[in-house]
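Student: Structure file coords-v1.txt, compact mmCIF, N, CA and C atoms, is pasted below:
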```txt
# COMPACT_ATOMS: atom_id res chain seq x y z
N MET P 9 -179.49 -180.93 -116.08
CA MET P 9 -180.69 -180.14 -116.21
C MET P 9 -181.42 -180.61 -117.47
N PRO P 10 -182.72 -180.84 -117.40
CA PRO P 10 -183.49 -181.31 -118.55
C PRO P 10 -183.66 -180.20 -119.60
N ALA P 11 -183.93 -180.65 -120.83
CA ALA P 11 -184.17 -179.71 -121.93
C ALA P 11 -185.44 -178.91 -121.64
N PRO P 12 -185.54 -177.66 -122.14
CA PRO P 12 -186.71 -176.83 -121.85
C PRO P 12 -188.00 -177.33 -122.52
N THR P 13 -187.92 -178.21 -123.51
CA THR P 13 -189.12 -178.75 -124.15
C THR P 13 -188.89 -180.22 -124.48
N ASP P 14 -189.95 -180.87 -124.92
CA ASP P 14 -189.85 -182.26 -125.36
C ASP P 14 -189.48 -182.35 -126.84
N ALA P 15 -189.21 -181.22 -127.47
CA ALA P 15 -188.94 -181.20 -128.91
C ALA P 15 -187.69 -182.00 -129.25
N THR P 16 -187.79 -182.74 -130.31
CA THR P 16 -186.65 -183.51 -130.81
C THR P 16 -186.29 -182.95 -132.17
N PRO P 17 -185.04 -182.59 -132.39
CA PRO P 17 -184.67 -182.06 -133.70
C PRO P 17 -184.93 -183.07 -134.81
N VAL P 18 -185.45 -182.59 -135.92
CA VAL P 18 -185.68 -183.44 -137.08
C VAL P 18 -184.52 -183.22 -138.04
N PRO P 19 -183.80 -184.29 -138.38
CA PRO P 19 -182.67 -184.11 -139.29
C PRO P 19 -183.15 -183.71 -140.68
N ASP P 20 -182.35 -182.93 -141.36
CA ASP P 20 -182.65 -182.56 -142.73
C ASP P 20 -182.62 -183.80 -143.61
N ALA P 21 -183.41 -183.76 -144.67
CA ALA P 21 -183.41 -184.87 -145.62
C ALA P 21 -182.08 -184.89 -146.36
N ALA P 22 -181.64 -186.07 -146.74
CA ALA P 22 -180.40 -186.21 -147.50
C ALA P 22 -180.55 -185.51 -148.85
N VAL P 23 -179.47 -184.94 -149.33
CA VAL P 23 -179.45 -184.27 -150.62
C VAL P 23 -178.59 -185.11 -151.56
N ASP P 24 -179.12 -185.39 -152.74
CA ASP P 24 -178.39 -186.19 -153.73
C ASP P 24 -178.33 -185.39 -155.02
N TYR P 25 -177.14 -185.20 -155.56
CA TYR P 25 -176.96 -184.47 -156.81
C TYR P 25 -176.60 -185.45 -157.91
N ASP P 26 -177.29 -185.39 -159.04
CA ASP P 26 -176.99 -186.33 -160.12
C ASP P 26 -176.34 -185.67 -161.33
N PHE P 27 -176.28 -184.36 -161.39
CA PHE P 27 -175.56 -183.63 -162.43
C PHE P 27 -176.06 -183.92 -163.85
N THR P 28 -177.37 -184.17 -163.98
CA THR P 28 -177.93 -184.40 -165.31
C THR P 28 -178.47 -183.13 -165.95
N GLY P 29 -178.71 -182.10 -165.17
CA GLY P 29 -179.22 -180.84 -165.73
C GLY P 29 -178.24 -179.74 -165.45
N PRO P 30 -178.71 -178.51 -165.40
CA PRO P 30 -177.81 -177.42 -165.03
C PRO P 30 -177.29 -177.62 -163.61
N LEU P 31 -176.10 -177.10 -163.34
CA LEU P 31 -175.52 -177.22 -162.00
C LEU P 31 -176.40 -176.51 -160.99
N SER P 32 -176.69 -177.17 -159.88
CA SER P 32 -177.54 -176.61 -158.83
C SER P 32 -176.95 -175.30 -158.30
N LEU P 33 -177.81 -174.39 -157.92
CA LEU P 33 -177.36 -173.13 -157.33
C LEU P 33 -176.72 -173.34 -155.96
N ASP P 34 -176.77 -174.56 -155.42
CA ASP P 34 -176.10 -174.88 -154.16
C ASP P 34 -174.58 -174.84 -154.30
N PHE P 35 -174.06 -174.93 -155.52
CA PHE P 35 -172.63 -175.04 -155.74
C PHE P 35 -171.99 -173.69 -156.05
N GLN P 36 -170.72 -173.57 -155.64
CA GLN P 36 -169.91 -172.37 -155.87
C GLN P 36 -168.51 -172.80 -156.28
N TRP P 37 -167.77 -171.86 -156.83
CA TRP P 37 -166.37 -172.11 -157.20
C TRP P 37 -165.62 -170.81 -157.05
N PRO P 38 -164.36 -170.87 -156.60
CA PRO P 38 -163.60 -169.64 -156.37
C PRO P 38 -162.83 -169.16 -157.60
N ARG P 39 -162.67 -167.88 -157.69
CA ARG P 39 -161.65 -167.22 -158.52
C ARG P 39 -161.80 -167.27 -160.03
N THR P 40 -162.92 -167.70 -160.59
CA THR P 40 -163.06 -167.58 -162.04
C THR P 40 -164.53 -167.49 -162.43
N PRO P 41 -164.86 -166.52 -163.28
CA PRO P 41 -166.22 -166.47 -163.83
C PRO P 41 -166.36 -167.39 -165.05
N GLU P 42 -165.23 -167.90 -165.55
CA GLU P 42 -165.23 -168.75 -166.74
C GLU P 42 -165.33 -170.21 -166.32
N THR P 43 -166.56 -170.67 -166.06
CA THR P 43 -166.75 -172.01 -165.51
C THR P 43 -166.23 -173.11 -166.43
N ASP P 44 -166.24 -172.89 -167.74
CA ASP P 44 -165.76 -173.94 -168.64
C ASP P 44 -164.26 -174.21 -168.48
N ARG P 45 -163.55 -173.33 -167.79
CA ARG P 45 -162.11 -173.56 -167.53
C ARG P 45 -161.90 -174.57 -166.40
N ILE P 46 -162.91 -174.74 -165.52
CA ILE P 46 -162.70 -175.63 -164.37
C ILE P 46 -163.65 -176.82 -164.31
N PHE P 47 -164.83 -176.74 -164.95
CA PHE P 47 -165.72 -177.90 -164.90
C PHE P 47 -166.71 -177.90 -166.06
N ARG P 48 -167.31 -179.10 -166.24
CA ARG P 48 -168.41 -179.25 -167.19
C ARG P 48 -169.29 -180.39 -166.68
N LEU P 49 -170.54 -180.41 -167.11
CA LEU P 49 -171.44 -181.52 -166.81
C LEU P 49 -171.48 -182.41 -168.03
N GLU P 50 -171.25 -183.71 -167.81
CA GLU P 50 -171.15 -184.63 -168.94
C GLU P 50 -171.68 -186.00 -168.53
N ASP P 51 -172.69 -186.48 -169.22
CA ASP P 51 -173.26 -187.82 -168.97
C ASP P 51 -173.62 -188.03 -167.51
N GLY P 52 -174.24 -187.04 -166.87
CA GLY P 52 -174.67 -187.17 -165.48
C GLY P 52 -173.55 -187.06 -164.46
N ALA P 53 -172.40 -186.54 -164.88
CA ALA P 53 -171.26 -186.42 -163.97
C ALA P 53 -170.73 -184.98 -163.99
N LEU P 54 -170.16 -184.58 -162.89
CA LEU P 54 -169.44 -183.31 -162.80
C LEU P 54 -167.99 -183.62 -163.12
N VAL P 55 -167.49 -183.06 -164.21
CA VAL P 55 -166.13 -183.34 -164.67
C VAL P 55 -165.29 -182.10 -164.41
N LEU P 56 -164.26 -182.25 -163.58
CA LEU P 56 -163.37 -181.14 -163.26
C LEU P 56 -162.16 -181.15 -164.19
N THR P 57 -161.73 -179.97 -164.59
CA THR P 57 -160.52 -179.83 -165.39
C THR P 57 -159.41 -179.40 -164.45
N GLY P 58 -158.36 -180.20 -164.38
CA GLY P 58 -157.27 -179.93 -163.44
C GLY P 58 -156.68 -178.54 -163.59
N ARG P 59 -156.45 -177.90 -162.48
CA ARG P 59 -155.81 -176.60 -162.43
C ARG P 59 -154.74 -176.65 -161.35
N GLU P 60 -154.76 -175.69 -160.44
CA GLU P 60 -153.72 -175.61 -159.42
C GLU P 60 -154.16 -176.29 -158.12
N SER P 61 -153.25 -176.36 -157.16
CA SER P 61 -153.51 -177.06 -155.90
C SER P 61 -154.54 -176.33 -155.05
N LEU P 62 -155.07 -177.03 -154.04
CA LEU P 62 -156.05 -176.43 -153.14
C LEU P 62 -155.50 -175.21 -152.41
N GLY P 63 -154.19 -175.16 -152.21
CA GLY P 63 -153.58 -174.03 -151.52
C GLY P 63 -153.20 -172.87 -152.43
N SER P 64 -153.56 -172.94 -153.69
CA SER P 64 -153.17 -171.91 -154.64
C SER P 64 -153.94 -170.59 -154.44
N PHE P 65 -153.28 -169.48 -154.73
CA PHE P 65 -153.93 -168.17 -154.73
C PHE P 65 -154.70 -167.95 -156.04
N PHE P 66 -154.51 -168.80 -157.01
CA PHE P 66 -155.03 -168.52 -158.35
C PHE P 66 -156.21 -169.40 -158.71
N GLU P 67 -156.07 -170.33 -159.63
CA GLU P 67 -157.22 -171.03 -160.20
C GLU P 67 -157.24 -172.51 -159.81
N GLN P 68 -158.13 -172.86 -158.88
CA GLN P 68 -158.27 -174.24 -158.45
C GLN P 68 -159.44 -174.89 -159.19
N ALA P 69 -159.36 -176.19 -159.40
CA ALA P 69 -160.50 -176.93 -159.94
C ALA P 69 -161.32 -177.38 -158.74
N LEU P 70 -162.05 -176.46 -158.15
CA LEU P 70 -162.81 -176.72 -156.93
C LEU P 70 -164.25 -176.28 -157.16
N VAL P 71 -165.17 -177.21 -157.04
CA VAL P 71 -166.60 -176.91 -157.07
C VAL P 71 -167.12 -177.36 -155.73
N ALA P 72 -167.74 -176.46 -154.97
CA ALA P 72 -168.06 -176.73 -153.57
C ALA P 72 -169.51 -176.43 -153.24
N ARG P 73 -169.98 -177.10 -152.20
CA ARG P 73 -171.29 -176.83 -151.63
C ARG P 73 -171.05 -176.35 -150.21
N ARG P 74 -171.72 -175.28 -149.82
CA ARG P 74 -171.53 -174.70 -148.49
C ARG P 74 -171.97 -175.66 -147.39
N GLN P 75 -171.13 -175.81 -146.36
CA GLN P 75 -171.48 -176.63 -145.19
C GLN P 75 -172.53 -175.89 -144.39
N GLU P 76 -173.61 -176.58 -144.03
CA GLU P 76 -174.72 -175.95 -143.31
C GLU P 76 -174.87 -176.42 -141.86
N HIS P 77 -174.17 -177.50 -141.50
CA HIS P 77 -174.34 -178.09 -140.17
C HIS P 77 -172.98 -178.40 -139.55
N PHE P 78 -172.97 -178.58 -138.22
CA PHE P 78 -171.73 -178.92 -137.54
C PHE P 78 -171.29 -180.35 -137.86
N THR P 79 -172.25 -181.24 -138.07
CA THR P 79 -171.93 -182.62 -138.43
C THR P 79 -172.67 -182.97 -139.72
N TYR P 80 -172.03 -183.78 -140.54
CA TYR P 80 -172.64 -184.19 -141.81
C TYR P 80 -171.88 -185.38 -142.36
N ALA P 81 -172.45 -186.02 -143.35
CA ALA P 81 -171.78 -187.11 -144.06
C ALA P 81 -171.79 -186.74 -145.54
N ALA P 82 -170.71 -187.02 -146.22
CA ALA P 82 -170.60 -186.74 -147.65
C ALA P 82 -169.93 -187.92 -148.33
N GLU P 83 -170.32 -188.18 -149.55
CA GLU P 83 -169.67 -189.24 -150.32
C GLU P 83 -169.71 -188.88 -151.79
N THR P 84 -168.83 -189.52 -152.53
CA THR P 84 -168.77 -189.30 -153.97
C THR P 84 -168.30 -190.58 -154.64
N GLU P 85 -168.48 -190.63 -155.94
CA GLU P 85 -167.92 -191.70 -156.76
C GLU P 85 -166.91 -191.05 -157.69
N LEU P 86 -165.73 -191.64 -157.80
CA LEU P 86 -164.69 -191.09 -158.67
C LEU P 86 -164.43 -192.02 -159.84
N ASP P 87 -164.39 -191.44 -161.02
CA ASP P 87 -163.92 -192.15 -162.21
C ASP P 87 -162.63 -191.43 -162.57
N PHE P 88 -161.56 -191.81 -161.89
CA PHE P 88 -160.31 -191.05 -161.97
C PHE P 88 -159.13 -191.98 -161.79
N ALA P 89 -158.15 -191.82 -162.63
CA ALA P 89 -156.90 -192.57 -162.49
C ALA P 89 -155.75 -191.59 -162.68
N ALA P 90 -155.08 -191.26 -161.60
CA ALA P 90 -153.94 -190.33 -161.67
C ALA P 90 -152.81 -190.97 -162.45
N GLU P 91 -152.16 -190.18 -163.28
CA GLU P 91 -151.04 -190.67 -164.06
C GLU P 91 -149.70 -190.20 -163.49
N THR P 92 -149.71 -189.12 -162.70
CA THR P 92 -148.49 -188.62 -162.07
C THR P 92 -148.82 -188.20 -160.63
N TYR P 93 -147.78 -187.96 -159.86
CA TYR P 93 -147.96 -187.52 -158.47
C TYR P 93 -148.61 -186.14 -158.40
N GLN P 94 -148.67 -185.41 -159.48
CA GLN P 94 -149.23 -184.06 -159.49
C GLN P 94 -150.75 -184.05 -159.67
N GLN P 95 -151.36 -185.21 -159.88
CA GLN P 95 -152.80 -185.29 -160.09
C GLN P 95 -153.46 -185.92 -158.88
N ALA P 96 -154.65 -185.39 -158.52
CA ALA P 96 -155.41 -185.94 -157.40
C ALA P 96 -156.87 -185.54 -157.56
N ALA P 97 -157.76 -186.34 -156.98
CA ALA P 97 -159.19 -186.03 -156.98
C ALA P 97 -159.78 -186.60 -155.70
N GLY P 98 -160.85 -185.99 -155.19
CA GLY P 98 -161.48 -186.51 -153.99
C GLY P 98 -162.46 -185.53 -153.39
N LEU P 99 -162.60 -185.61 -152.07
CA LEU P 99 -163.49 -184.74 -151.31
C LEU P 99 -162.67 -183.86 -150.38
N THR P 100 -163.15 -182.65 -150.17
CA THR P 100 -162.46 -181.75 -149.24
C THR P 100 -163.47 -180.93 -148.46
N THR P 101 -163.11 -180.61 -147.23
CA THR P 101 -163.81 -179.56 -146.50
C THR P 101 -162.87 -178.37 -146.59
N TYR P 102 -163.35 -177.29 -147.17
CA TYR P 102 -162.48 -176.18 -147.56
C TYR P 102 -162.97 -174.89 -146.93
N TYR P 103 -162.13 -174.27 -146.13
CA TYR P 103 -162.45 -172.96 -145.57
C TYR P 103 -161.75 -171.88 -146.39
N ASN P 104 -160.46 -172.05 -146.59
CA ASN P 104 -159.70 -171.15 -147.46
C ASN P 104 -158.43 -171.88 -147.89
N ARG P 105 -157.57 -171.21 -148.62
CA ARG P 105 -156.40 -171.87 -149.19
C ARG P 105 -155.44 -172.42 -148.15
N GLY P 106 -155.57 -171.99 -146.91
CA GLY P 106 -154.68 -172.48 -145.86
C GLY P 106 -155.37 -173.34 -144.81
N LYS P 107 -156.68 -173.46 -144.90
CA LYS P 107 -157.42 -174.24 -143.91
C LYS P 107 -158.40 -175.16 -144.64
N PHE P 108 -157.99 -176.41 -144.80
CA PHE P 108 -158.85 -177.41 -145.45
C PHE P 108 -158.39 -178.80 -145.04
N HIS P 109 -159.26 -179.76 -145.23
CA HIS P 109 -158.96 -181.18 -145.04
C HIS P 109 -159.40 -181.87 -146.33
N ALA P 110 -158.63 -182.84 -146.80
CA ALA P 110 -158.97 -183.50 -148.05
C ALA P 110 -158.64 -184.98 -148.00
N ALA P 111 -159.50 -185.78 -148.62
CA ALA P 111 -159.26 -187.20 -148.87
C ALA P 111 -159.08 -187.32 -150.37
N LEU P 112 -157.88 -187.65 -150.82
CA LEU P 112 -157.56 -187.59 -152.24
C LEU P 112 -157.05 -188.93 -152.76
N VAL P 113 -157.53 -189.30 -153.94
CA VAL P 113 -156.96 -190.43 -154.67
C VAL P 113 -155.89 -189.85 -155.57
N ARG P 114 -154.69 -190.42 -155.52
CA ARG P 114 -153.58 -189.89 -156.30
C ARG P 114 -152.63 -191.01 -156.70
N HIS P 115 -151.60 -190.67 -157.41
CA HIS P 115 -150.58 -191.64 -157.81
C HIS P 115 -149.34 -191.43 -156.94
N GLU P 116 -148.93 -192.47 -156.27
CA GLU P 116 -147.73 -192.41 -155.43
C GLU P 116 -146.60 -193.12 -156.17
N PRO P 117 -145.54 -192.40 -156.53
CA PRO P 117 -144.43 -193.05 -157.25
C PRO P 117 -143.93 -194.30 -156.52
N GLY P 118 -143.77 -195.37 -157.27
CA GLY P 118 -143.28 -196.62 -156.71
C GLY P 118 -144.39 -197.49 -156.11
N LEU P 119 -145.57 -196.91 -155.83
CA LEU P 119 -146.67 -197.67 -155.24
C LEU P 119 -147.88 -197.77 -156.17
N GLY P 120 -148.16 -196.70 -156.89
CA GLY P 120 -149.36 -196.65 -157.72
C GLY P 120 -150.48 -195.88 -157.04
N ARG P 121 -151.71 -196.33 -157.26
CA ARG P 121 -152.89 -195.64 -156.73
C ARG P 121 -152.86 -195.63 -155.20
N ALA P 122 -153.10 -194.45 -154.62
CA ALA P 122 -153.03 -194.30 -153.17
C ALA P 122 -154.09 -193.31 -152.68
N LEU P 123 -154.58 -193.53 -151.47
CA LEU P 123 -155.48 -192.59 -150.81
C LEU P 123 -154.63 -191.75 -149.87
N THR P 124 -154.70 -190.43 -150.03
CA THR P 124 -153.92 -189.51 -149.22
C THR P 124 -154.86 -188.64 -148.41
N MET P 125 -154.61 -188.53 -147.11
CA MET P 125 -155.37 -187.63 -146.26
C MET P 125 -154.49 -186.40 -146.03
N LEU P 126 -155.03 -185.23 -146.31
CA LEU P 126 -154.27 -184.00 -146.24
C LEU P 126 -154.99 -183.01 -145.35
N SER P 127 -154.28 -182.38 -144.45
CA SER P 127 -154.90 -181.40 -143.55
C SER P 127 -153.94 -180.24 -143.36
```
What is this file in structure tokens?

Tutor:
Amino acid sequence: MPAPTDATPVPDAAVDYDFTGPLSLDFQWPRTPETDRIFRLEDGALVLTGRESLGSFFEQALVARRQEHFTYAAETELDFAAETYQQAAGLTTYYNRGKFHAALVRHEPGLGRALTMLS
């Protein structure tokens, strides 16, 4: 069956964040009003201070932007070198502490720098 109109959806324009000014109101973080405990803006970068894991009930170093569409593309640049298996950084799609997917750069004992996919 044909579509009811000839209208073609117009994709939203790409959004690029450079972190040179105050943090955009598009961003949120869970479980702490004390933002300096989990992040700071420094030299055009968002710098996270490590806290607990993504599955924690307490204080995660998570700064997020709400997903607005069923499909999207996201990318980031990391200036990060994990020193132990307990450190990781990357991108995540996060619903709650038990439902998330993450692509993380971390340190794998015996191997070194590794990309880990977690779901």

Student: Give as JSON, numbers by chain each residue that has an atom at most 8 Å from (-173.5, -180.5, -168.4) in the file, counting all atoms listed in the file.

Tutor: {"P": [27, 28, 29, 30, 31, 47, 48, 49, 50, 51, 52, 53, 54, 55]}

Student: Just the residues within 7 Å of Phe66 (chain P), please, counting all atoms listed in the file, with nothing from its chain fewer than 5 positions along; format it as a PDB file with N, CA and C atoms, keeping the file's coordinate frame.

Tutor:
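Produced file part_37.pdb, reproduced below:
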```pdb
ATOM      1  N   PRO P  38    -164.360-170.870-156.600  1.00  0.00           N
ATOM      2  CA  PRO P  38    -163.600-169.640-156.370  1.00  0.00           C
ATOM      3  C   PRO P  38    -162.830-169.160-157.600  1.00  0.00           C
ATOM      4  N   ARG P  39    -162.670-167.880-157.690  1.00  0.00           N
ATOM      5  CA  ARG P  39    -161.650-167.220-158.520  1.00  0.00           C
ATOM      6  C   ARG P  39    -161.800-167.270-160.030  1.00  0.00           C
ATOM      7  N   GLU P  60    -154.760-175.690-160.440  1.00  0.00           N
ATOM      8  CA  GLU P  60    -153.720-175.610-159.420  1.00  0.00           C
ATOM      9  C   GLU P  60    -154.160-176.290-158.120  1.00  0.00           C
TER      10      GLU P  60
END
```

Student: Please extract the residues of region 20-96 of chain P with a backbone DSSP assignment of strand (DSSP E or B) and present them as a list in words.

Tutor: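 Answer for region 20-96 of chain P restricted to strand (DSSP E or B) is Phe35, Gln36, Phe47, Arg48, Leu49, Glu50, Ala53, Leu54, Val55, Leu56, Glu60, Gln68, Ala72, Arg73 and Ala96 of chain P.
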
Student: Mind working out the centre and edge lengths of an axis-aligned box for region 105-124 of chain P, all listed atoms inside, 6 Å added to each side, rounded to one decimal in Å and written as JSON?

Tutor:
```
{"center_x": -151.4, "center_y": -184.5, "center_z": -150.9, "size_x": 28.2, "size_y": 38.6, "size_z": 25.9}
```

Student: Neighbourhood query: residues within 7 Å of (-172.6, -184.6, -154.4), file coordinates, counting only N, CA and C atoms; return as a list in words.

Tutor: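 These residues have at least one counted atom within 7 Å: Val23, Asp24, Tyr25, Asp26, Glu83 and Thr84 of chain P.
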
Student: Go ahead and save the residues from that selection, with N, CA and C atoms, as an mmCIF file, in the frame of the given file.

Tutor:
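Here's the written file part25.cif:
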```cif
data_model
loop_
_atom_site.group_PDB
_atom_site.id
_atom_site.type_symbol
_atom_site.label_atom_id
_atom_site.label_comp_id
_atom_site.auth_asym_id
_atom_site.auth_seq_id
_atom_site.Cartn_x
_atom_site.Cartn_y
_atom_site.Cartn_z
ATOM 1 N N VAL P 23 -179.470 -184.940 -149.330
ATOM 2 C CA VAL P 23 -179.450 -184.270 -150.620
ATOM 3 C C VAL P 23 -178.590 -185.110 -151.560
ATOM 4 N N ASP P 24 -179.120 -185.390 -152.740
ATOM 5 C CA ASP P 24 -178.390 -186.190 -153.730
ATOM 6 C C ASP P 24 -178.330 -185.390 -155.020
ATOM 7 N N TYR P 25 -177.140 -185.200 -155.560
ATOM 8 C CA TYR P 25 -176.960 -184.470 -156.810
ATOM 9 C C TYR P 25 -176.600 -185.450 -157.910
ATOM 10 N N ASP P 26 -177.290 -185.390 -159.040
ATOM 11 C CA ASP P 26 -176.990 -186.330 -160.120
ATOM 12 C C ASP P 26 -176.340 -185.670 -161.330
ATOM 13 N N GLU P 83 -170.320 -188.180 -149.550
ATOM 14 C CA GLU P 83 -169.670 -189.240 -150.320
ATOM 15 C C GLU P 83 -169.710 -188.880 -151.790
ATOM 16 N N THR P 84 -168.830 -189.520 -152.530
ATOM 17 C CA THR P 84 -168.770 -189.300 -153.970
ATOM 18 C C THR P 84 -168.300 -190.580 -154.640
#
```

Student: Hey, can you check how far CA of Arg45 (chain P) sits from CA of Thr57 (chain P)?

Tutor: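 Between CA of Arg45 (chain P) and CA of Thr57 (chain P) the gap is 6.8 Å.
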
Student: Rounded to one decimal place, report the atom C of Tyr93 (chain P)-atom C of Glu116 (chain P) distance in Å.

Tutor: 7.6 Å

Student: Name the residues in contact with Gln68 (chain P) at a cut-off of 12 Å, using only C-alpha atoms, excluding same-chain residues fewer than 3 positions from it; report them as a list in words.

Tutor: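 Selected residues are Trp37, Pro38, Arg39, Thr40, Thr43, Arg45, Ile46, Phe47, Leu56, Thr57, Gly58, Arg59, Glu60, Ser61, Leu62, Gly63, Ser64, Phe65, Val71, Ala72, Ala97, Tyr102, Asn104 and Arg105 of chain P.
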
Student: Output N, CA and C atoms for every residue in the selection just made, as a PDB file, in the frame of the given file.

Tutor:
```pdb
ATOM      1  N   TRP P  37    -167.770-171.860-156.830  1.00  0.00           N
ATOM      2  CA  TRP P  37    -166.370-172.110-157.200  1.00  0.00           C
ATOM      3  C   TRP P  37    -165.620-170.810-157.050  1.00  0.00           C
ATOM      4  N   PRO P  38    -164.360-170.870-156.600  1.00  0.00           N
ATOM      5  CA  PRO P  38    -163.600-169.640-156.370  1.00  0.00           C
ATOM      6  C   PRO P  38    -162.830-169.160-157.600  1.00  0.00           C
ATOM      7  N   ARG P  39    -162.670-167.880-157.690  1.00  0.00           N
ATOM      8  CA  ARG P  39    -161.650-167.220-158.520  1.00  0.00           C
ATOM      9  C   ARG P  39    -161.800-167.270-160.030  1.00  0.00           C
ATOM     10  N   THR P  40    -162.920-167.700-160.590  1.00  0.00           N
ATOM     11  CA  THR P  40    -163.060-167.580-162.040  1.00  0.00           C
ATOM     12  C   THR P  40    -164.530-167.490-162.430  1.00  0.00           C
ATOM     13  N   THR P  43    -166.560-170.670-166.060  1.00  0.00           N
ATOM     14  CA  THR P  43    -166.750-172.010-165.510  1.00  0.00           C
ATOM     15  C   THR P  43    -166.230-173.110-166.430  1.00  0.00           C
ATOM     16  N   ARG P  45    -163.550-173.330-167.790  1.00  0.00           N
ATOM     17  CA  ARG P  45    -162.110-173.560-167.530  1.00  0.00           C
ATOM     18  C   ARG P  45    -161.900-174.570-166.400  1.00  0.00           C
ATOM     19  N   ILE P  46    -162.910-174.740-165.520  1.00  0.00           N
ATOM     20  CA  ILE P  46    -162.700-175.630-164.370  1.00  0.00           C
ATOM     21  C   ILE P  46    -163.650-176.820-164.310  1.00  0.00           C
ATOM     22  N   PHE P  47    -164.830-176.740-164.950  1.00  0.00           N
ATOM     23  CA  PHE P  47    -165.720-177.900-164.900  1.00  0.00           C
ATOM     24  C   PHE P  47    -166.710-177.900-166.060  1.00  0.00           C
ATOM     25  N   LEU P  56    -164.260-182.250-163.580  1.00  0.00           N
ATOM     26  CA  LEU P  56    -163.370-181.140-163.260  1.00  0.00           C
ATOM     27  C   LEU P  56    -162.160-181.150-164.190  1.00  0.00           C
ATOM     28  N   THR P  57    -161.730-179.970-164.590  1.00  0.00           N
ATOM     29  CA  THR P  57    -160.520-179.830-165.390  1.00  0.00           C
ATOM     30  C   THR P  57    -159.410-179.400-164.450  1.00  0.00           C
ATOM     31  N   GLY P  58    -158.360-180.200-164.380  1.00  0.00           N
ATOM     32  CA  GLY P  58    -157.270-179.930-163.440  1.00  0.00           C
ATOM     33  C   GLY P  58    -156.680-178.540-163.590  1.00  0.00           C
ATOM     34  N   ARG P  59    -156.450-177.900-162.480  1.00  0.00           N
ATOM     35  CA  ARG P  59    -155.810-176.600-162.430  1.00  0.00           C
ATOM     36  C   ARG P  59    -154.740-176.650-161.350  1.00  0.00           C
ATOM     37  N   GLU P  60    -154.760-175.690-160.440  1.00  0.00           N
ATOM     38  CA  GLU P  60    -153.720-175.610-159.420  1.00  0.00           C
ATOM     39  C   GLU P  60    -154.160-176.290-158.120  1.00  0.00           C
ATOM     40  N   SER P  61    -153.250-176.360-157.160  1.00  0.00           N
ATOM     41  CA  SER P  61    -153.510-177.060-155.900  1.00  0.00           C
ATOM     42  C   SER P  61    -154.540-176.330-155.050  1.00  0.00           C
ATOM     43  N   LEU P  62    -155.070-177.030-154.040  1.00  0.00           N
ATOM     44  CA  LEU P  62    -156.050-176.430-153.140  1.00  0.00           C
ATOM     45  C   LEU P  62    -155.500-175.210-152.410  1.00  0.00           C
ATOM     46  N   GLY P  63    -154.190-175.160-152.210  1.00  0.00           N
ATOM     47  CA  GLY P  63    -153.580-174.030-151.520  1.00  0.00           C
ATOM     48  C   GLY P  63    -153.200-172.870-152.430  1.00  0.00           C
ATOM     49  N   SER P  64    -153.560-172.940-153.690  1.00  0.00           N
ATOM     50  CA  SER P  64    -153.170-171.910-154.640  1.00  0.00           C
ATOM     51  C   SER P  64    -153.940-170.590-154.440  1.00  0.00           C
ATOM     52  N   PHE P  65    -153.280-169.480-154.730  1.00  0.00           N
ATOM     53  CA  PHE P  65    -153.930-168.170-154.730  1.00  0.00           C
ATOM     54  C   PHE P  65    -154.700-167.950-156.040  1.00  0.00           C
ATOM     55  N   VAL P  71    -165.170-177.210-157.040  1.00  0.00           N
ATOM     56  CA  VAL P  71    -166.600-176.910-157.070  1.00  0.00           C
ATOM     57  C   VAL P  71    -167.120-177.360-155.730  1.00  0.00           C
ATOM     58  N   ALA P  72    -167.740-176.460-154.970  1.00  0.00           N
ATOM     59  CA  ALA P  72    -168.060-176.730-153.570  1.00  0.00           C
ATOM     60  C   ALA P  72    -169.510-176.430-153.240  1.00  0.00           C
ATOM     61  N   ALA P  97    -157.760-186.340-156.980  1.00  0.00           N
ATOM     62  CA  ALA P  97    -159.190-186.030-156.980  1.00  0.00           C
ATOM     63  C   ALA P  97    -159.780-186.600-155.700  1.00  0.00           C
ATOM     64  N   TYR P 102    -163.350-177.290-147.170  1.00  0.00           N
ATOM     65  CA  TYR P 102    -162.480-176.180-147.560  1.00  0.00           C
ATOM     66  C   TYR P 102    -162.970-174.890-146.930  1.00  0.00           C
ATOM     67  N   ASN P 104    -160.460-172.050-146.590  1.00  0.00           N
ATOM     68  CA  ASN P 104    -159.700-171.150-147.460  1.00  0.00           C
ATOM     69  C   ASN P 104    -158.430-171.880-147.890  1.00  0.00           C
ATOM     70  N   ARG P 105    -157.570-171.210-148.620  1.00  0.00           N
ATOM     71  CA  ARG P 105    -156.400-171.870-149.190  1.00  0.00           C
ATOM     72  C   ARG P 105    -155.440-172.420-148.150  1.00  0.00           C
TER      73      ARG P 105
END
```

Student: Could you check how far CA of Thr101 (chain P) sits from CA of Val18 (chain P), in Å to one decimal?

Tutor: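 Separation between CA of Thr101 (chain P) and CA of Val18 (chain P): 24.1 Å.
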
Student: Of the residues P:Val113, P:Pro19, P:Gly106, P:Leu119, which is the one nearest to Asp87 (chain P), using only C-alpha atoms?

Tutor: P:Val113

Student: Quick one: of P:Pro41, P:Ser127, P:Pro12, P:Arg114, who's nearest to Glu91 (chain P), counting only C-alpha atoms?

Tutor: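 That would be P:Arg114, the residue with the smallest distance to Glu91 (chain P).
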